[in-house]
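Colleague: Input: one structure, supplied below.
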Amino acid sequence: MYMRDRLLPLFVWIFGLLAVWEAVSWWLLRVAKTPLAQSKLPYVHEVAATLWKYSGTLLKEGGATFGNAGVGFLIGAAAGVLLAVLMSLSKTVEQLAFPYAVASQMIPILGLAPIIYGIVRDEQVSRIIISGYITFFPVALNMLRGLRSVDLPAVELMHSYAAKPWAVYWKLRFPAALPGLFSGLKIAAPLAVTGAILVELMGAQHGIGVIMLRNLYYGPSHTYMFWSTVLVGALLGMASYWLMSLVERLAAPWQPEFRPKGGSR
Amino acid sequence: MSLAAAKIPEIQLQNVEMRYQTDAADVLALHQVSLDIAKGEFVSLLGPSGCGKTTLLRLMADLLTPTGGDVTVAGKSAREARLAQKYGIVFQSPVLYDWRKVRHNITLPLELMGVKKSIREDKALELLDLVGLQGFADKYPWQLSGGMQQRVAIARALSMEPEILLMDEPFSALDEFTRERLNEELQAVWGKVQSTIVFVTHSIPESIFLSDRVFVLSPHPGRLSAVVDIPLPRPRTAEMRNSPEFFELIARIRDSFEGV
């Protein structure tokens, strides 16, 4: 059942897309004879071959990017959760902090990355900072919504038992905020990866962004490698999202979307 | 005055007044309500929408503070009684926590009181037995029907063996058949736990079937318009619902409403 309902359509889509890609690539190169045809849309099989041939390098550099992005993501998420809790506790904190949090998101990362790099002069730290910086806002915003999503009777129930404020948070507001928190984490995770790659483009020694940039400079002869790095970057983003979805299933399995379909009683 | 009311009052309201100030108007929700409820008594607050019966219950629960008058619970203020964890509350909706299994929803109050885990677990099973939900301990709330969810809510309220059980239209969202069955079950449960129960309802038969006394409230402004003793013997049975005495009580209560 699972095979037929979920995996089959997925495979049809992927192979269909790849087939169309290969066909268009062939058409650009052989029929339309477009200049730099392979740079515009390279053969799938050539890219796949490059991916395979340089899988060691790509894995190592991708790992460096993913690792730093992961650390920044965790720090940013922790900071976001903390700020959300503080804002939910106090209107004053919210009024003070919120405009800055919003304003921080208006600064283009493309401009911020070299500034950060210029200050810390360390590519790993820069990647961590930028990833954390990107993660922080969506997590704080969604966590705050989650903490506020608790309806009044659920809180009154706690009051009727004379529950201490920490107990109201620990036993009611946090669990209730988990779906919101995970929405934020799922938005932030791929962005954190993209942010880390962006820092690498500013000049770094390691990371998928570095080989991406180099192969772009080298021109048409390195087209397949360039496309490989782009694909690896995309895969890292997807992997981060899937990872968060998996953690969500383990941490908050009681949500409506995880319930078995049909016959809920 | 019934025999029960002659004892020391468990809950005492003196000239209680509740006024809501809104931008548009100044609403008098409750006007000069005074009443006594004895320890171990089962009373209903009965009335149409807008009569302030839920407000009255919330004042007793210290979820609201009256703008006038006094609420005394076992000689203390309502706030002190709440902080001393004397209340179990059942709301109109079950208010179960989605992320907790049935058994852990039931033991929530015990967790808050710091009761040991082994004792909590035993208590949960005992209460599931009491409300007729054996075998549902490890289900999640969404796997239960509305009636079953409300029974879990009752079990939760009973878990801490509250001196006072406050119930705010707990069965109003259920169908008539489920409601009548739960009325009988609630009566049986009350016989075992001996809490004082204050039960808010807008159903005249329900209030008669369950209560020792019915406080009849009328709207605009919300006020106490009658207190009706229910002398039907206990345990009350489904057949009593069709007895002439029952119908006579319905007629008496219906006549006692003012300005509806």
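Residue numbers start at 1 in each chain; chains themselves are named A, B, ... in the order of the structure tokens; ligands are numbered from 1 in the order shown.
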Do you know which residues are at most 8 Å from B:Thr201 counting only C-alpha atoms, after dropping those on the same chain fewer than 5 positions away, and could you put them as an MDAnalysis selection string?
Modeller: chainID B and resid 44:47 168:169 172 206:207
Colleague: Please find the residues of chain A near chain B - the criterion being any atom within 10 Å, counting only C-alpha atoms - and write them as a PyMOL selection string.
Modeller: chain A and resi 151-164+167-168+171-172+175-176+252-256+259+263-265
Colleague: How would the residues just chosen look if you wrote them out with N, CA and C atoms as a JSON list (two decimals), in the first residue's frame?
Modeller:
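Final output, part-v5.json:
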[["chain", "number", "residue", "atom", "x", "y", "z"],
["A", 151, "ASP", "N", -5.80, 27.86, 24.64],
["A", 151, "ASP", "CA", -7.09, 28.51, 24.88],
["A", 151, "ASP", "C", -7.35, 28.68, 26.38],
["A", 152, "LEU", "N", -8.24, 29.63, 26.66],
["A", 152, "LEU", "CA", -8.47, 30.08, 28.03],
["A", 152, "LEU", "C", -8.85, 28.96, 29.00],
["A", 153, "PRO", "N", -9.80, 28.09, 28.66],
["A", 153, "PRO", "CA", -10.16, 27.03, 29.63],
["A", 153, "PRO", "C", -8.97, 26.16, 30.05],
["A", 154, "ALA", "N", -8.06, 25.90, 29.10],
["A", 154, "ALA", "CA", -6.89, 25.08, 29.43],
["A", 154, "ALA", "C", -6.03, 25.76, 30.48],
["A", 155, "VAL", "N", -5.96, 27.10, 30.41],
["A", 155, "VAL", "CA", -5.19, 27.86, 31.41],
["A", 155, "VAL", "C", -5.97, 27.90, 32.72],
["A", 156, "GLU", "N", -7.29, 28.11, 32.62],
["A", 156, "GLU", "CA", -8.11, 28.17, 33.83],
["A", 156, "GLU", "C", -8.06, 26.86, 34.60],
["A", 157, "LEU", "N", -7.98, 25.76, 33.86],
["A", 157, "LEU", "CA", -7.86, 24.46, 34.51],
["A", 157, "LEU", "C", -6.62, 24.45, 35.40],
["A", 158, "MET", "N", -5.51, 24.96, 34.86],
["A", 158, "MET", "CA", -4.27, 25.04, 35.63],
["A", 158, "MET", "C", -4.45, 25.94, 36.86],
["A", 159, "HIS", "N", -5.12, 27.08, 36.65],
["A", 159, "HIS", "CA", -5.35, 27.99, 37.77],
["A", 159, "HIS", "C", -6.19, 27.34, 38.85],
["A", 160, "SER", "N", -7.18, 26.58, 38.43],
["A", 160, "SER", "CA", -8.09, 25.97, 39.41],
["A", 160, "SER", "C", -7.34, 24.98, 40.30],
["A", 161, "TYR", "N", -6.23, 24.45, 39.79],
["A", 161, "TYR", "CA", -5.43, 23.55, 40.62],
["A", 161, "TYR", "C", -4.28, 24.28, 41.29],
["A", 162, "ALA", "N", -4.33, 25.61, 41.25],
["A", 162, "ALA", "CA", -3.31, 26.44, 41.88],
["A", 162, "ALA", "C", -1.91, 26.10, 41.37],
["A", 163, "ALA", "N", -1.80, 25.83, 40.06],
["A", 163, "ALA", "CA", -0.51, 25.48, 39.47],
["A", 163, "ALA", "C", 0.45, 26.65, 39.50],
["A", 164, "LYS", "N", 1.72, 26.38, 39.78],
["A", 164, "LYS", "CA", 2.75, 27.41, 39.77],
["A", 164, "LYS", "C", 3.00, 27.84, 38.31],
["A", 167, "ALA", "N", 4.91, 25.53, 36.17],
["A", 167, "ALA", "CA", 4.16, 24.32, 35.82],
["A", 167, "ALA", "C", 3.22, 24.60, 34.65],
["A", 168, "VAL", "N", 2.65, 25.82, 34.63],
["A", 168, "VAL", "CA", 1.77, 26.19, 33.52],
["A", 168, "VAL", "C", 2.57, 26.17, 32.21],
["A", 171, "LYS", "N", 3.92, 22.18, 31.62],
["A", 171, "LYS", "CA", 2.92, 21.14, 31.37],
["A", 171, "LYS", "C", 1.84, 21.56, 30.37],
["A", 172, "LEU", "N", 1.76, 22.87, 30.10],
["A", 172, "LEU", "CA", 0.73, 23.32, 29.17],
["A", 172, "LEU", "C", 1.28, 24.11, 27.99],
["A", 175, "PRO", "N", 4.19, 22.19, 25.63],
["A", 175, "PRO", "CA", 3.65, 21.14, 24.73],
["A", 175, "PRO", "C", 2.72, 21.72, 23.67],
["A", 176, "ALA", "N", 1.91, 22.71, 24.08],
["A", 176, "ALA", "CA", 0.97, 23.30, 23.12],
["A", 176, "ALA", "C", 1.70, 24.09, 22.03],
["A", 252, "ALA", "N", 6.39, 15.36, 18.83],
["A", 252, "ALA", "CA", 4.99, 15.78, 18.96],
["A", 252, "ALA", "C", 4.09, 14.92, 18.07],
["A", 253, "PRO", "N", 4.01, 13.62, 18.40],
["A", 253, "PRO", "CA", 3.30, 12.68, 17.52],
["A", 253, "PRO", "C", 1.78, 12.78, 17.62],
["A", 254, "TRP", "N", 1.30, 13.60, 18.55],
["A", 254, "TRP", "CA", -0.14, 13.64, 18.80],
["A", 254, "TRP", "C", -0.88, 14.61, 17.90],
["A", 255, "GLN", "N", -0.18, 15.28, 16.99],
["A", 255, "GLN", "CA", -0.81, 16.31, 16.16],
["A", 255, "GLN", "C", -1.79, 15.71, 15.15],
["A", 256, "PRO", "N", -2.83, 16.49, 14.81],
["A", 256, "PRO", "CA", -3.86, 15.96, 13.90],
["A", 256, "PRO", "C", -3.31, 15.37, 12.61],
["A", 259, "ARG", "N", -2.37, 11.67, 12.67],
["A", 259, "ARG", "CA", -3.36, 10.66, 13.05],
["A", 259, "ARG", "C", -3.71, 9.82, 11.85],
["A", 263, "GLY", "N", -11.93, 6.78, 10.16],
["A", 263, "GLY", "CA", -12.27, 6.07, 11.39],
["A", 263, "GLY", "C", -11.43, 6.52, 12.56],
["A", 264, "SER", "N", -11.62, 7.76, 12.96],
["A", 264, "SER", "CA", -10.78, 8.31, 14.03],
["A", 264, "SER", "C", -11.20, 7.78, 15.39],
["A", 265, "ARG", "N", -12.34, 7.19, 15.50],
["A", 265, "ARG", "CA", -12.81, 6.73, 16.80],
["A", 265, "ARG", "C", -12.35, 5.32, 17.10]]
Colleague: Compare B:Lys116, B:Arg103, B:Lys192, B:Arg179 by their minimum atom-to-atom distance to B:Gly135, counting only C-alpha atoms, and give me the closest one.
Modeller: B:Arg103
Colleague: Applying 8 Å and only C-alpha atoms, which residues near B:Val227 remain after dropping the ones on its own chain fewer than 2 positions away? List them as a ChimeraX atom specification.
Modeller: /B:213-216,224-225,229
Colleague: Within stretch 54-188 of chain B, find each residue whose DSSP state, derived from the backbone, is alpha helix (DSSP H), and express the selection as a PyMOL selection string.
Modeller: chain B and resi 54-60+78-83+102-106+108-112+117-130+146-159+176-188
Colleague: Need to verify the contact set: stretch 248-258 of chain B, 7 Å, only C-alpha atoms, exclusion of same-chain residues closer than 4 positions in sequence. Can you return it as a list in words?
Modeller: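 Final neighbour list, sorted by chain and number: Ile204, Pro205, Ser218, Ser225, Ala226 and Pro244 of chain B.
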Colleague: Record the distance separating atom CA of A:Met202 and atom CA of A:Arg121, expressed in Å with one decimal.
Modeller: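 If I compute the distance from atom CA of A:Met202 to atom CA of A:Arg121, I get 11.4 Å.
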Colleague: I want to know what sits within 6 Å of stretch 55-71 of chain A, based on only C-alpha atoms, with residues of the same chain fewer than 4 positions away left out; could you give that as a list in words?
Modeller: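 The contact residues come out as Leu51, Ile128, Ser131, Ala192, Val193, Ala196, Gly207 and Ile208 of chain A.
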